[in-house]
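This is upload-v4.cif. It holds mmCIF, C-alpha atoms.
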```
data_structure
loop_
_atom_site.label_atom_id
_atom_site.label_comp_id
_atom_site.auth_asym_id
_atom_site.auth_seq_id
_atom_site.Cartn_x
_atom_site.Cartn_y
_atom_site.Cartn_z
CA MET V 1 83.61 146.36 73.63
CA SER V 2 84.08 142.61 73.90
CA GLU V 3 82.28 140.99 71.03
CA GLY V 4 80.17 137.85 71.19
CA ARG V 5 79.39 138.50 74.86
CA PRO V 6 76.15 139.95 76.10
CA THR V 7 76.61 143.51 77.24
CA ASP V 8 73.90 143.24 79.83
CA PRO V 9 75.69 142.57 83.14
CA LEU V 10 72.92 140.30 84.39
CA ALA V 11 73.09 138.09 81.29
CA ARG V 12 76.86 137.96 81.59
CA LEU V 13 76.54 136.79 85.17
CA GLY V 14 74.10 134.10 84.03
CA ASP V 15 76.61 132.98 81.44
CA GLU V 16 79.34 132.70 84.01
CA ILE V 17 77.14 130.73 86.37
CA ASP V 18 76.29 128.30 83.58
CA LYS V 19 79.97 127.85 82.79
CA ALA V 20 80.80 127.23 86.44
CA ARG V 21 77.96 124.70 86.69
CA ALA V 22 79.21 122.83 83.63
CA LYS V 23 82.66 122.64 85.18
CA HIS V 24 81.18 121.35 88.41
CA VAL V 25 79.27 118.60 86.59
CA GLN V 26 82.45 117.58 84.81
CA ARG V 27 84.24 117.27 88.09
CA GLN V 28 81.56 115.08 89.68
CA PRO V 29 82.74 111.67 88.34
CA VAL V 30 86.20 112.19 89.81
CA ALA V 31 84.68 112.54 93.26
CA THR V 32 82.73 109.29 92.96
CA ASP V 33 85.84 107.59 91.61
CA ARG V 34 87.68 108.63 94.71
CA SER V 35 84.96 107.43 97.05
CA ASN V 36 84.86 104.12 95.15
CA LEU V 37 88.61 103.81 95.60
CA GLN V 38 88.24 104.62 99.29
CA GLN V 39 85.54 102.00 99.75
CA GLY V 40 87.49 99.39 97.81
CA LEU V 41 90.66 100.05 99.77
CA SER V 42 88.90 99.92 103.10
CA LEU V 43 87.18 96.68 102.15
CA GLY V 44 90.48 95.19 101.02
CA PHE V 45 92.21 96.11 104.25
CA ARG V 46 89.26 94.79 106.22
CA ILE V 47 88.98 91.31 104.77
CA GLY V 48 92.69 90.77 104.24
CA ILE V 49 93.26 89.92 107.85
CA GLU V 50 89.84 88.49 108.71
CA LEU V 51 90.54 84.90 107.63
CA VAL V 52 94.02 84.72 109.14
CA VAL V 53 92.98 86.04 112.54
CA ALA V 54 89.94 83.76 112.71
CA VAL V 55 92.06 80.65 112.10
CA VAL V 56 94.85 81.73 114.47
CA VAL V 57 92.54 82.74 117.32
CA ALA V 58 90.38 79.63 117.00
CA THR V 59 93.40 77.34 116.91
CA GLY V 60 94.88 79.10 119.92
CA LEU V 61 91.59 78.69 121.74
CA GLY V 62 91.59 74.98 120.84
CA TRP V 63 95.09 74.63 122.24
CA ALA V 64 94.00 76.28 125.49
CA VAL V 65 90.90 74.08 125.71
CA ASP V 66 93.11 71.02 125.23
CA HIS V 67 95.28 72.10 128.13
CA TRP V 68 92.36 72.71 130.48
CA LEU V 69 90.40 69.59 129.67
CA GLY V 70 93.26 67.30 128.73
CA ILE V 71 91.62 66.14 125.50
CA ARG V 72 94.62 66.70 123.27
CA PRO V 73 94.49 67.01 120.28
CA TRP V 74 90.74 67.10 119.68
CA GLY V 75 89.95 70.64 120.80
CA MET V 76 92.60 72.05 118.52
CA ILE V 77 91.50 69.99 115.51
CA VAL V 78 87.81 70.80 115.89
CA LEU V 79 88.36 74.48 116.62
CA PHE V 80 90.79 74.82 113.73
CA PHE V 81 88.10 73.81 111.26
CA LEU V 82 85.48 75.91 113.03
CA GLY V 83 87.89 78.84 112.84
CA VAL V 84 88.35 78.36 109.10
CA ALA V 85 84.58 78.26 108.67
CA ALA V 86 84.06 81.35 110.83
CA GLY V 87 86.75 83.24 108.95
CA MET V 88 85.23 82.36 105.59
CA LEU V 89 81.82 83.36 106.87
CA ASN V 90 83.15 86.75 108.00
CA VAL V 91 84.86 87.36 104.67
CA TYR V 92 81.77 86.26 102.76
CA ARG V 93 79.59 88.63 104.77
CA ALA V 94 82.01 91.52 104.49
CA VAL V 95 82.17 91.14 100.70
CA ASN V 96 78.43 90.67 100.38
CA ARG V 97 77.91 93.82 102.43
CA ILE V 98 75.55 91.99 104.75
CA SER V 99 77.63 93.81 107.35
CA GLY V 100 80.52 92.12 109.09
CA ALA V 101 78.09 90.44 111.38
CA ALA V 102 76.82 87.26 112.86
CA GLY V 103 73.17 86.35 112.30
CA TYR V 104 71.37 85.62 109.07
CA ARG V 105 69.02 87.86 107.16
CA LYS V 106 66.70 86.62 104.48
CA PRO V 107 67.54 88.05 101.05
CA GLY V 108 64.14 89.74 100.67
CA GLU V 109 64.26 91.48 104.02
CA PRO V 110 65.01 95.18 104.14
CA ASP V 111 68.60 95.51 105.18
CA THR V 112 68.55 98.44 107.57
CA GLY V 113 72.10 98.15 108.74
CA THR V 114 74.27 98.42 105.66
CA THR V 115 75.48 101.07 103.27
CA LYS V 116 73.19 101.72 100.33
CA MET L 1 131.66 101.26 109.15
CA ALA L 2 129.17 98.84 110.60
CA LEU L 3 125.93 100.62 111.16
CA GLU L 4 123.57 98.63 113.30
CA ILE L 5 120.04 98.40 112.02
CA GLN L 6 117.49 97.93 114.75
CA PRO L 7 114.12 98.40 113.12
CA LEU L 8 112.21 97.34 116.24
CA GLU L 9 113.90 99.79 118.58
CA GLN L 10 111.34 102.45 117.71
CA PHE L 11 108.63 100.49 119.51
CA LYS L 12 110.45 100.48 122.84
CA ILE L 13 108.48 101.88 125.74
CA GLU L 14 110.47 104.31 127.84
CA ARG L 15 109.50 105.58 131.24
CA LEU L 16 109.60 109.36 131.17
CA ILE L 17 108.25 109.90 134.67
CA PRO L 18 108.52 106.71 136.76
CA ILE L 19 105.48 106.30 139.00
CA HIS L 20 104.93 103.23 141.16
CA ILE L 21 101.75 102.82 143.15
CA GLY L 22 101.48 99.77 145.39
CA GLY L 23 103.71 97.59 143.25
CA LEU L 24 101.98 98.69 140.06
CA ASP L 25 104.06 100.38 137.42
CA VAL L 26 101.94 103.28 136.20
CA SER L 27 104.83 105.35 134.85
CA TYR L 28 104.18 108.09 132.37
CA THR L 29 105.77 106.66 129.22
CA ASN L 30 106.57 107.92 125.73
CA SER L 31 103.45 106.11 124.58
CA ALA L 32 101.33 107.95 127.13
CA LEU L 33 102.96 111.22 126.09
CA LEU L 34 101.92 110.73 122.47
CA MET L 35 98.39 109.85 123.56
CA THR L 36 98.26 113.05 125.58
CA VAL L 37 99.51 115.03 122.59
CA ALA L 38 96.87 113.41 120.36
CA VAL L 39 94.05 114.24 122.76
CA ALA L 40 95.37 117.78 123.26
CA LEU L 41 95.58 118.37 119.51
CA ILE L 42 92.08 117.04 118.86
CA THR L 43 90.67 119.19 121.65
CA ALA L 44 92.56 122.22 120.36
CA LEU L 45 91.34 121.66 116.81
CA LEU L 46 87.71 121.34 117.82
CA VAL L 47 87.58 123.97 120.55
CA LEU L 48 89.73 126.62 118.92
CA GLY L 49 88.54 125.80 115.42
CA THR L 50 84.88 126.34 116.21
CA ARG L 51 85.39 129.28 118.58
CA GLN L 52 84.71 131.92 115.96
CA ARG L 53 81.46 130.33 114.84
CA ALA L 54 81.78 132.05 111.48
CA LEU L 55 79.06 131.57 108.91
CA VAL L 56 81.77 131.27 106.29
CA PRO L 57 84.30 129.03 108.04
CA GLY L 58 88.01 129.75 108.05
CA ARG L 59 90.64 127.07 107.54
CA TRP L 60 90.56 125.60 111.03
CA GLN L 61 86.82 125.76 111.34
CA SER L 62 86.54 124.04 107.96
CA LEU L 63 88.79 121.27 109.17
CA ALA L 64 86.76 120.79 112.33
CA GLU L 65 83.49 120.85 110.40
CA MET L 66 84.80 118.47 107.75
CA SER L 67 85.85 115.89 110.32
CA TYR L 68 82.48 116.27 112.02
CA GLU L 69 80.58 115.83 108.77
CA PHE L 70 82.71 112.91 107.64
CA VAL L 71 82.00 110.90 110.79
CA ALA L 72 78.36 112.05 110.98
CA ASP L 73 77.85 110.85 107.43
CA MET L 74 79.55 107.55 108.20
CA VAL L 75 77.35 106.98 111.25
CA GLU L 76 74.25 108.01 109.30
CA THR L 77 74.81 105.61 106.41
CA ASN L 78 76.18 102.66 108.36
CA VAL L 79 74.24 102.63 111.61
CA GLY L 80 71.12 104.13 110.09
CA HIS L 81 68.08 104.93 112.18
CA GLY L 82 68.89 105.45 115.85
CA GLY L 83 72.61 105.76 115.27
CA ARG L 84 72.77 109.44 116.11
CA GLU L 85 73.28 108.85 119.82
CA PHE L 86 76.46 106.87 119.16
CA PHE L 87 78.04 109.64 117.13
CA PRO L 88 80.15 111.01 120.02
CA PHE L 89 81.65 107.58 120.66
CA VAL L 90 82.50 106.86 117.02
CA PHE L 91 83.84 110.39 116.53
CA THR L 92 86.11 110.14 119.57
CA LEU L 93 87.38 106.76 118.46
CA PHE L 94 88.01 107.86 114.89
CA MET L 95 89.77 111.10 115.81
CA PHE L 96 91.96 109.43 118.43
CA ILE L 97 93.14 106.67 116.10
CA LEU L 98 93.60 109.10 113.21
CA PHE L 99 95.70 111.49 115.27
CA ALA L 100 97.68 108.70 116.92
CA ASN L 101 98.47 107.25 113.48
CA PHE L 102 99.43 110.58 111.96
CA LEU L 103 101.53 111.62 114.94
CA GLY L 104 103.37 108.33 114.52
CA MET L 105 104.36 109.44 111.02
CA ILE L 106 106.48 112.25 112.48
CA PRO L 107 110.09 111.01 112.66
CA TYR L 108 111.11 109.98 116.18
CA ALA L 109 107.54 110.23 117.44
CA TYR L 110 106.15 107.12 119.08
CA THR L 111 103.37 105.28 117.25
CA VAL L 112 100.80 104.54 119.93
CA THR L 113 98.72 102.25 117.71
CA SER L 114 101.67 99.95 117.04
CA GLN L 115 101.14 98.47 120.51
CA ILE L 116 98.62 95.65 120.63
CA VAL L 117 97.68 96.54 124.22
CA VAL L 118 96.39 99.89 123.00
CA THR L 119 94.52 98.60 119.95
CA PHE L 120 93.11 95.65 121.85
CA ALA L 121 91.90 97.92 124.65
CA LEU L 122 90.09 100.05 122.04
CA ALA L 123 88.66 96.97 120.33
CA ALA L 124 87.55 95.48 123.66
CA VAL L 125 85.71 98.69 124.56
CA VAL L 126 83.89 98.52 121.23
CA PHE L 127 83.11 94.81 121.56
CA ILE L 128 81.91 94.90 125.18
CA GLY L 129 79.99 98.13 124.57
CA VAL L 130 78.23 96.76 121.52
CA THR L 131 77.36 93.52 123.30
CA ILE L 132 75.92 95.40 126.29
CA ILE L 133 73.91 97.69 123.99
CA GLY L 134 72.55 94.64 122.19
CA ILE L 135 71.54 92.93 125.41
CA VAL L 136 69.98 96.09 126.86
CA ARG L 137 68.00 96.75 123.68
CA HIS L 138 66.84 93.21 123.00
CA GLY L 139 67.29 91.30 126.25
CA PHE L 140 67.35 87.53 125.89
CA HIS L 141 66.33 87.94 122.27
CA PHE L 142 69.90 89.06 121.56
CA LEU L 143 71.06 85.44 121.63
CA ARG L 144 69.11 84.83 118.44
CA LEU L 145 72.05 86.47 116.73
CA PHE L 146 73.81 83.14 117.05
CA VAL L 147 70.96 80.95 115.84
CA PRO L 148 70.41 81.07 112.09
CA GLN L 149 66.76 80.87 111.14
CA GLY L 150 65.24 78.15 108.99
CA VAL L 151 68.00 75.62 109.56
CA PRO L 152 67.47 71.95 110.57
CA ALA L 153 68.23 71.26 114.23
CA ALA L 154 71.06 68.87 113.39
CA LEU L 155 72.89 71.57 111.47
CA LEU L 156 72.49 74.03 114.35
CA LEU L 157 74.95 71.89 116.27
CA LEU L 158 77.57 72.93 113.75
CA LEU L 159 76.36 76.42 112.87
CA VAL L 160 75.92 77.85 116.36
CA PRO L 161 79.60 77.31 117.29
CA ILE L 162 80.64 78.88 113.99
CA GLU L 163 78.42 81.90 114.61
CA LEU L 164 79.68 82.21 118.19
CA LEU L 165 83.27 82.03 117.01
CA SER L 166 82.72 84.55 114.26
CA TYR L 167 81.21 86.92 116.82
CA PHE L 168 83.90 86.54 119.45
CA ILE L 169 86.68 86.91 116.90
CA ARG L 170 85.58 90.50 116.20
CA PRO L 171 87.70 92.24 118.86
CA PHE L 172 90.75 90.26 117.76
CA THR L 173 90.43 91.14 114.08
CA LEU L 174 89.72 94.75 114.99
CA ALA L 175 92.78 94.98 117.24
CA ILE L 176 95.20 92.96 115.12
CA ARG L 177 94.32 94.75 111.87
CA LEU L 178 95.25 98.16 113.24
CA PHE L 179 98.25 96.98 115.24
CA ALA L 180 99.73 94.80 112.47
CA ASN L 181 99.38 97.48 109.80
CA MET L 182 101.08 100.12 111.90
CA LEU L 183 103.81 97.79 113.19
CA ALA L 184 104.62 96.35 109.77
CA GLY L 185 104.63 99.73 108.06
CA HIS L 186 106.91 101.39 110.56
CA THR L 187 109.26 98.41 110.71
CA MET L 188 109.56 98.45 106.92
CA LEU L 189 110.31 102.17 106.95
CA ALA L 190 113.07 101.65 109.50
CA ILE L 191 114.59 98.70 107.60
CA PHE L 192 114.82 100.60 104.32
CA ALA L 193 116.15 103.66 106.12
CA GLY L 194 118.80 101.41 107.68
CA PHE L 195 119.79 100.11 104.22
CA ALA L 196 120.02 103.63 102.90
CA ALA L 197 122.39 104.59 105.70
CA SER L 198 124.62 101.53 105.48
CA ILE L 199 125.34 100.92 101.77
CA GLY L 200 126.81 104.28 100.85
CA ILE L 201 126.13 105.75 97.41
CA PHE L 202 123.76 102.93 96.43
CA GLY L 203 121.64 103.99 99.38
CA VAL L 204 119.80 106.29 97.01
CA LEU L 205 117.67 103.34 95.90
CA PRO L 206 116.31 102.31 99.33
CA LEU L 207 115.93 106.00 100.14
CA GLY L 208 113.63 106.36 97.12
CA ILE L 209 111.65 103.31 98.21
CA ASP L 210 111.40 104.82 101.68
CA ILE L 211 109.91 108.01 100.29
CA LEU L 212 107.26 105.99 98.46
CA LEU L 213 106.66 103.98 101.61
CA VAL L 214 106.05 107.14 103.61
CA ALA L 215 103.32 108.07 101.14
CA LEU L 216 101.84 104.60 101.49
CA GLU L 217 101.99 104.84 105.27
CA VAL L 218 100.12 108.14 105.28
CA LEU L 219 97.39 106.41 103.29
CA VAL L 220 97.38 103.43 105.64
CA ALA L 221 97.26 105.69 108.70
CA ALA L 222 94.10 107.41 107.48
CA LEU L 223 92.54 104.24 106.11
CA GLN L 224 93.03 102.21 109.28
CA ALA L 225 91.30 104.86 111.37
CA TYR L 226 88.46 104.82 108.83
CA VAL L 227 88.21 101.03 108.85
CA PHE L 228 88.17 100.89 112.65
CA ALA L 229 85.41 103.49 112.83
CA ILE L 230 83.31 101.97 110.06
CA LEU L 231 83.48 98.50 111.61
CA THR L 232 82.39 99.98 114.93
CA CYS L 233 79.42 101.46 113.07
CA LEU L 234 78.57 98.12 111.45
CA TYR L 235 78.76 96.28 114.79
CA LEU L 236 76.57 98.92 116.41
CA SER L 237 74.10 98.58 113.58
CA ASP L 238 73.92 94.82 114.15
CA ALA L 239 73.26 95.26 117.84
CA ILE L 240 70.54 97.85 117.24
CA HIS L 241 68.74 96.40 114.22
CA LEU L 242 68.44 92.82 115.38
CA HIS L 243 65.83 90.68 113.66
#
```
Show this structure as structure tokens.
Amino acid sequence: MSEGRPTDPLARLGDEIDKARAKHVQRQPVATDRSNLQQGLSLGFRIGIELVVAVVVATGLGWAVDHWLGIRPWGMIVLFFLGVAAGMLNVYRAVNRISGAAGYRKPGEPDTGTTK
Amino acid sequence: MALEIQPLEQFKIERLIPIHIGGLDVSYTNSALLMTVAVALITALLVLGTRQRALVPGRWQSLAEMSYEFVADMVETNVGHGGREFFPFVFTLFMFILFANFLGMIPYAYTVTSQIVVTFALAAVVFIGVTIIGIVRHGFHFLRLFVPQGVPAALLLLLVPIELLSYFIRPFTLAIRLFANMLAGHTMLAIFAGFAASIGIFGVLPLGIDILLVALEVLVAALQAYVFAILTCLYLSDAIHLH
């Protein structure tokens, strides 16, 4: 009855499967787009606060050290700069995907810990 | 008509059942209630959802399986070899934060994760746990995490404190990120809602902004749970795969 379509039911099924597959392939890029977006967003939220907290916590620690040891204002000054450095280091590592971690890895070494 | 806007009132802890033991205030609060609800809902989802054990899962079973697979995949890719045994911990953490965040989105429900005590307790568990795992696995060798290799001795004087600081800042960033995002988001929602109520017909504008903000907050709620879990995975991976 329907023209242009194979009358054999098995061939028709094959046709439909092919069509469904093609649709699935078309949809694939959207999924990766979404996972890219998810990764980008999570990275953004991660590093946004990293630098600020590092500086604030280190400076607070310096203030406390000053109080205990009575070496005002040296603890705060030194720890402020160390905090800035530590914060930058954390951001750098997070962006470089060398994991958000302390400890160096040589570039050539297999990086077992990170994504992809 | 002066309508008072108190955007921070929503974070007030209220004692529902006052309990005092030996001078300690261990009352059952609204915060504790929401935690209980979160745990009960997670348990219900997983236990009831997987009860049928259908080959072709229904809606609830799908949901339970999806959350399982999502976290299992996250642990697999981020912790890598030997990460399987930490799956229960990461899964528990992720589901608790996710449910606490989402329950907070219900109007008048308390947002547990907007309290820094709660987020810091979670972050401290992760930090202390990871440190202990690292020490157990590698012993004294674990301290090499703080000593960069191939660096002149004079520079170590500067680099070791930086590495130490960057390690010990982890629980703070972990706790403050979650807490600050939830606190800021919910405060903003309340402020715009207050505007909408107090400026009459022009309140349509802040109301519209509020609707958009709710959408944003739903995104943030899910994303923050994801970030917390993925960072836990990365920290675990560092402690396990030490060089």
Subject >> Explicit residues for the PyMOL selection byres ((chain L) within 10 of (chain V)) (as a PyMOL selection string) >> reply: chain L and resi 74+76-81+143-150+158-170+172-174+176-178+180-181+219-220+223-228+230-243
Subject >> Atom-to-atom span, atom CA of L:Ala229 and atom CA of L:Val75, Å >> reply: 8.9 Å
Original post:
atom CA of V:Val78 and atom CA of L:Pro152, how far apart in Å?
Top reply: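 These atoms are spaced 21.1 Å apart.
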Original post:
Selected by the PyMOL selection byres ((chain L and resi 99-102) around 10) in the shown coordinates: which residues, as a ChimeraX atom specification?
Top reply: /L:31,34-39,41-42,94-98,103-106,109-114,178,182,217-225
Original post:
Separation of atom CA of V:Tyr92 and atom CA of V:Phe80, in Å?
Top reply: 18.2 Å
Subject >> Answer as an MDAnalysis selection string, residues within 7 Å of (104.6, 103.9, 104.8) using only C-alpha atoms >> reply: chainID L and resid 185:186 189 213:218
Original post:
Using the chain letters and numbers from the file, which residues does the PyMOL selection byres ((chain L and resi 46-49) around 6) grab, as a ChimeraX atom specification?
Top reply: /L:43-45,50-51,60-61,64
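Shell of L:Leu205 at 10 Å, with all atoms listed in the file counted and residues fewer than 3 places along the chain excluded, is Phe192, Phe195, Ala196, Ile199, Ile201, Phe202, Gly208, Ile209 and Asp210 of chain L.
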Output requested as a CSV table (one decimal), keeping the file's coordinate frame - stretch 73-103 of chain L, filled out with N, CA and C atoms.
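Final file, part_33.csv:
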```
chain,number,residue,atom,x,y,z
L,73,ASP,N,78.3,111.5,108.6
L,73,ASP,CA,77.8,110.8,107.4
L,73,ASP,C,78.1,109.3,107.5
L,74,MET,N,79.2,109.0,108.0
L,74,MET,CA,79.6,107.6,108.2
L,74,MET,C,78.6,106.9,109.2
L,75,VAL,N,78.3,107.5,110.3
L,75,VAL,CA,77.4,107.0,111.2
L,75,VAL,C,75.9,106.9,110.6
L,76,GLU,N,75.6,107.9,109.9
L,76,GLU,CA,74.2,108.0,109.3
L,76,GLU,C,74.0,106.8,108.3
L,77,THR,N,75.0,106.6,107.4
L,77,THR,CA,74.8,105.6,106.4
L,77,THR,C,75.0,104.2,106.9
L,78,ASN,N,75.8,104.0,107.9
L,78,ASN,CA,76.2,102.7,108.4
L,78,ASN,C,75.4,102.2,109.6
L,79,VAL,N,75.1,103.1,110.5
L,79,VAL,CA,74.2,102.6,111.6
L,79,VAL,C,72.8,102.8,111.3
L,80,GLY,N,72.5,103.9,110.5
L,80,GLY,CA,71.1,104.1,110.1
L,80,GLY,C,70.3,104.7,111.2
L,81,HIS,N,69.0,104.3,111.2
L,81,HIS,CA,68.1,104.9,112.2
L,81,HIS,C,68.5,104.6,113.6
L,82,GLY,N,68.5,105.7,114.5
L,82,GLY,CA,68.9,105.4,115.8
L,82,GLY,C,70.4,105.4,116.1
L,83,GLY,N,71.2,105.8,115.1
L,83,GLY,CA,72.6,105.8,115.3
L,83,GLY,C,73.2,107.1,115.8
L,84,ARG,N,72.3,108.1,115.8
L,84,ARG,CA,72.8,109.4,116.1
L,84,ARG,C,73.4,109.5,117.5
L,85,GLU,N,72.8,108.7,118.4
L,85,GLU,CA,73.3,108.8,119.8
L,85,GLU,C,74.7,108.2,120.0
L,86,PHE,N,75.1,107.5,119.0
L,86,PHE,CA,76.5,106.9,119.2
L,86,PHE,C,77.5,107.7,118.4
L,87,PHE,N,77.1,108.8,117.9
L,87,PHE,CA,78.0,109.6,117.1
L,87,PHE,C,79.2,110.1,118.0
L,88,PRO,N,79.0,110.6,119.2
L,88,PRO,CA,80.2,111.0,120.0
L,88,PRO,C,81.2,109.9,120.2
L,89,PHE,N,80.7,108.7,120.4
L,89,PHE,CA,81.6,107.6,120.7
L,89,PHE,C,82.5,107.3,119.4
L,90,VAL,N,81.8,107.2,118.3
L,90,VAL,CA,82.5,106.9,117.0
L,90,VAL,C,83.5,108.0,116.6
L,91,PHE,N,83.0,109.2,116.9
L,91,PHE,CA,83.8,110.4,116.5
L,91,PHE,C,85.1,110.4,117.4
L,92,THR,N,85.0,110.2,118.7
L,92,THR,CA,86.1,110.1,119.6
L,92,THR,C,87.1,109.1,119.1
L,93,LEU,N,86.6,107.9,118.9
L,93,LEU,CA,87.4,106.8,118.5
L,93,LEU,C,88.1,107.1,117.2
L,94,PHE,N,87.4,107.6,116.2
L,94,PHE,CA,88.0,107.9,114.9
L,94,PHE,C,89.1,108.9,115.0
L,95,MET,N,88.8,110.0,115.7
L,95,MET,CA,89.8,111.1,115.8
L,95,MET,C,91.0,110.7,116.6
L,96,PHE,N,90.8,109.9,117.6
L,96,PHE,CA,92.0,109.4,118.4
L,96,PHE,C,92.9,108.6,117.6
L,97,ILE,N,92.3,107.6,116.9
L,97,ILE,CA,93.1,106.7,116.1
L,97,ILE,C,93.8,107.4,115.0
L,98,LEU,N,93.0,108.3,114.3
L,98,LEU,CA,93.6,109.1,113.2
L,98,LEU,C,94.8,109.9,113.7
L,99,PHE,N,94.6,110.6,114.8
L,99,PHE,CA,95.7,111.5,115.3
L,99,PHE,C,96.9,110.7,115.8
L,100,ALA,N,96.6,109.5,116.4
L,100,ALA,CA,97.7,108.7,116.9
L,100,ALA,C,98.5,108.2,115.7
L,101,ASN,N,97.8,107.8,114.7
L,101,ASN,CA,98.5,107.2,113.5
L,101,ASN,C,99.3,108.3,112.8
L,102,PHE,N,98.7,109.5,112.7
L,102,PHE,CA,99.4,110.6,112.0
L,102,PHE,C,100.6,111.1,112.8
L,103,LEU,N,100.4,111.2,114.1
L,103,LEU,CA,101.5,111.6,114.9
L,103,LEU,C,102.7,110.6,114.9
```
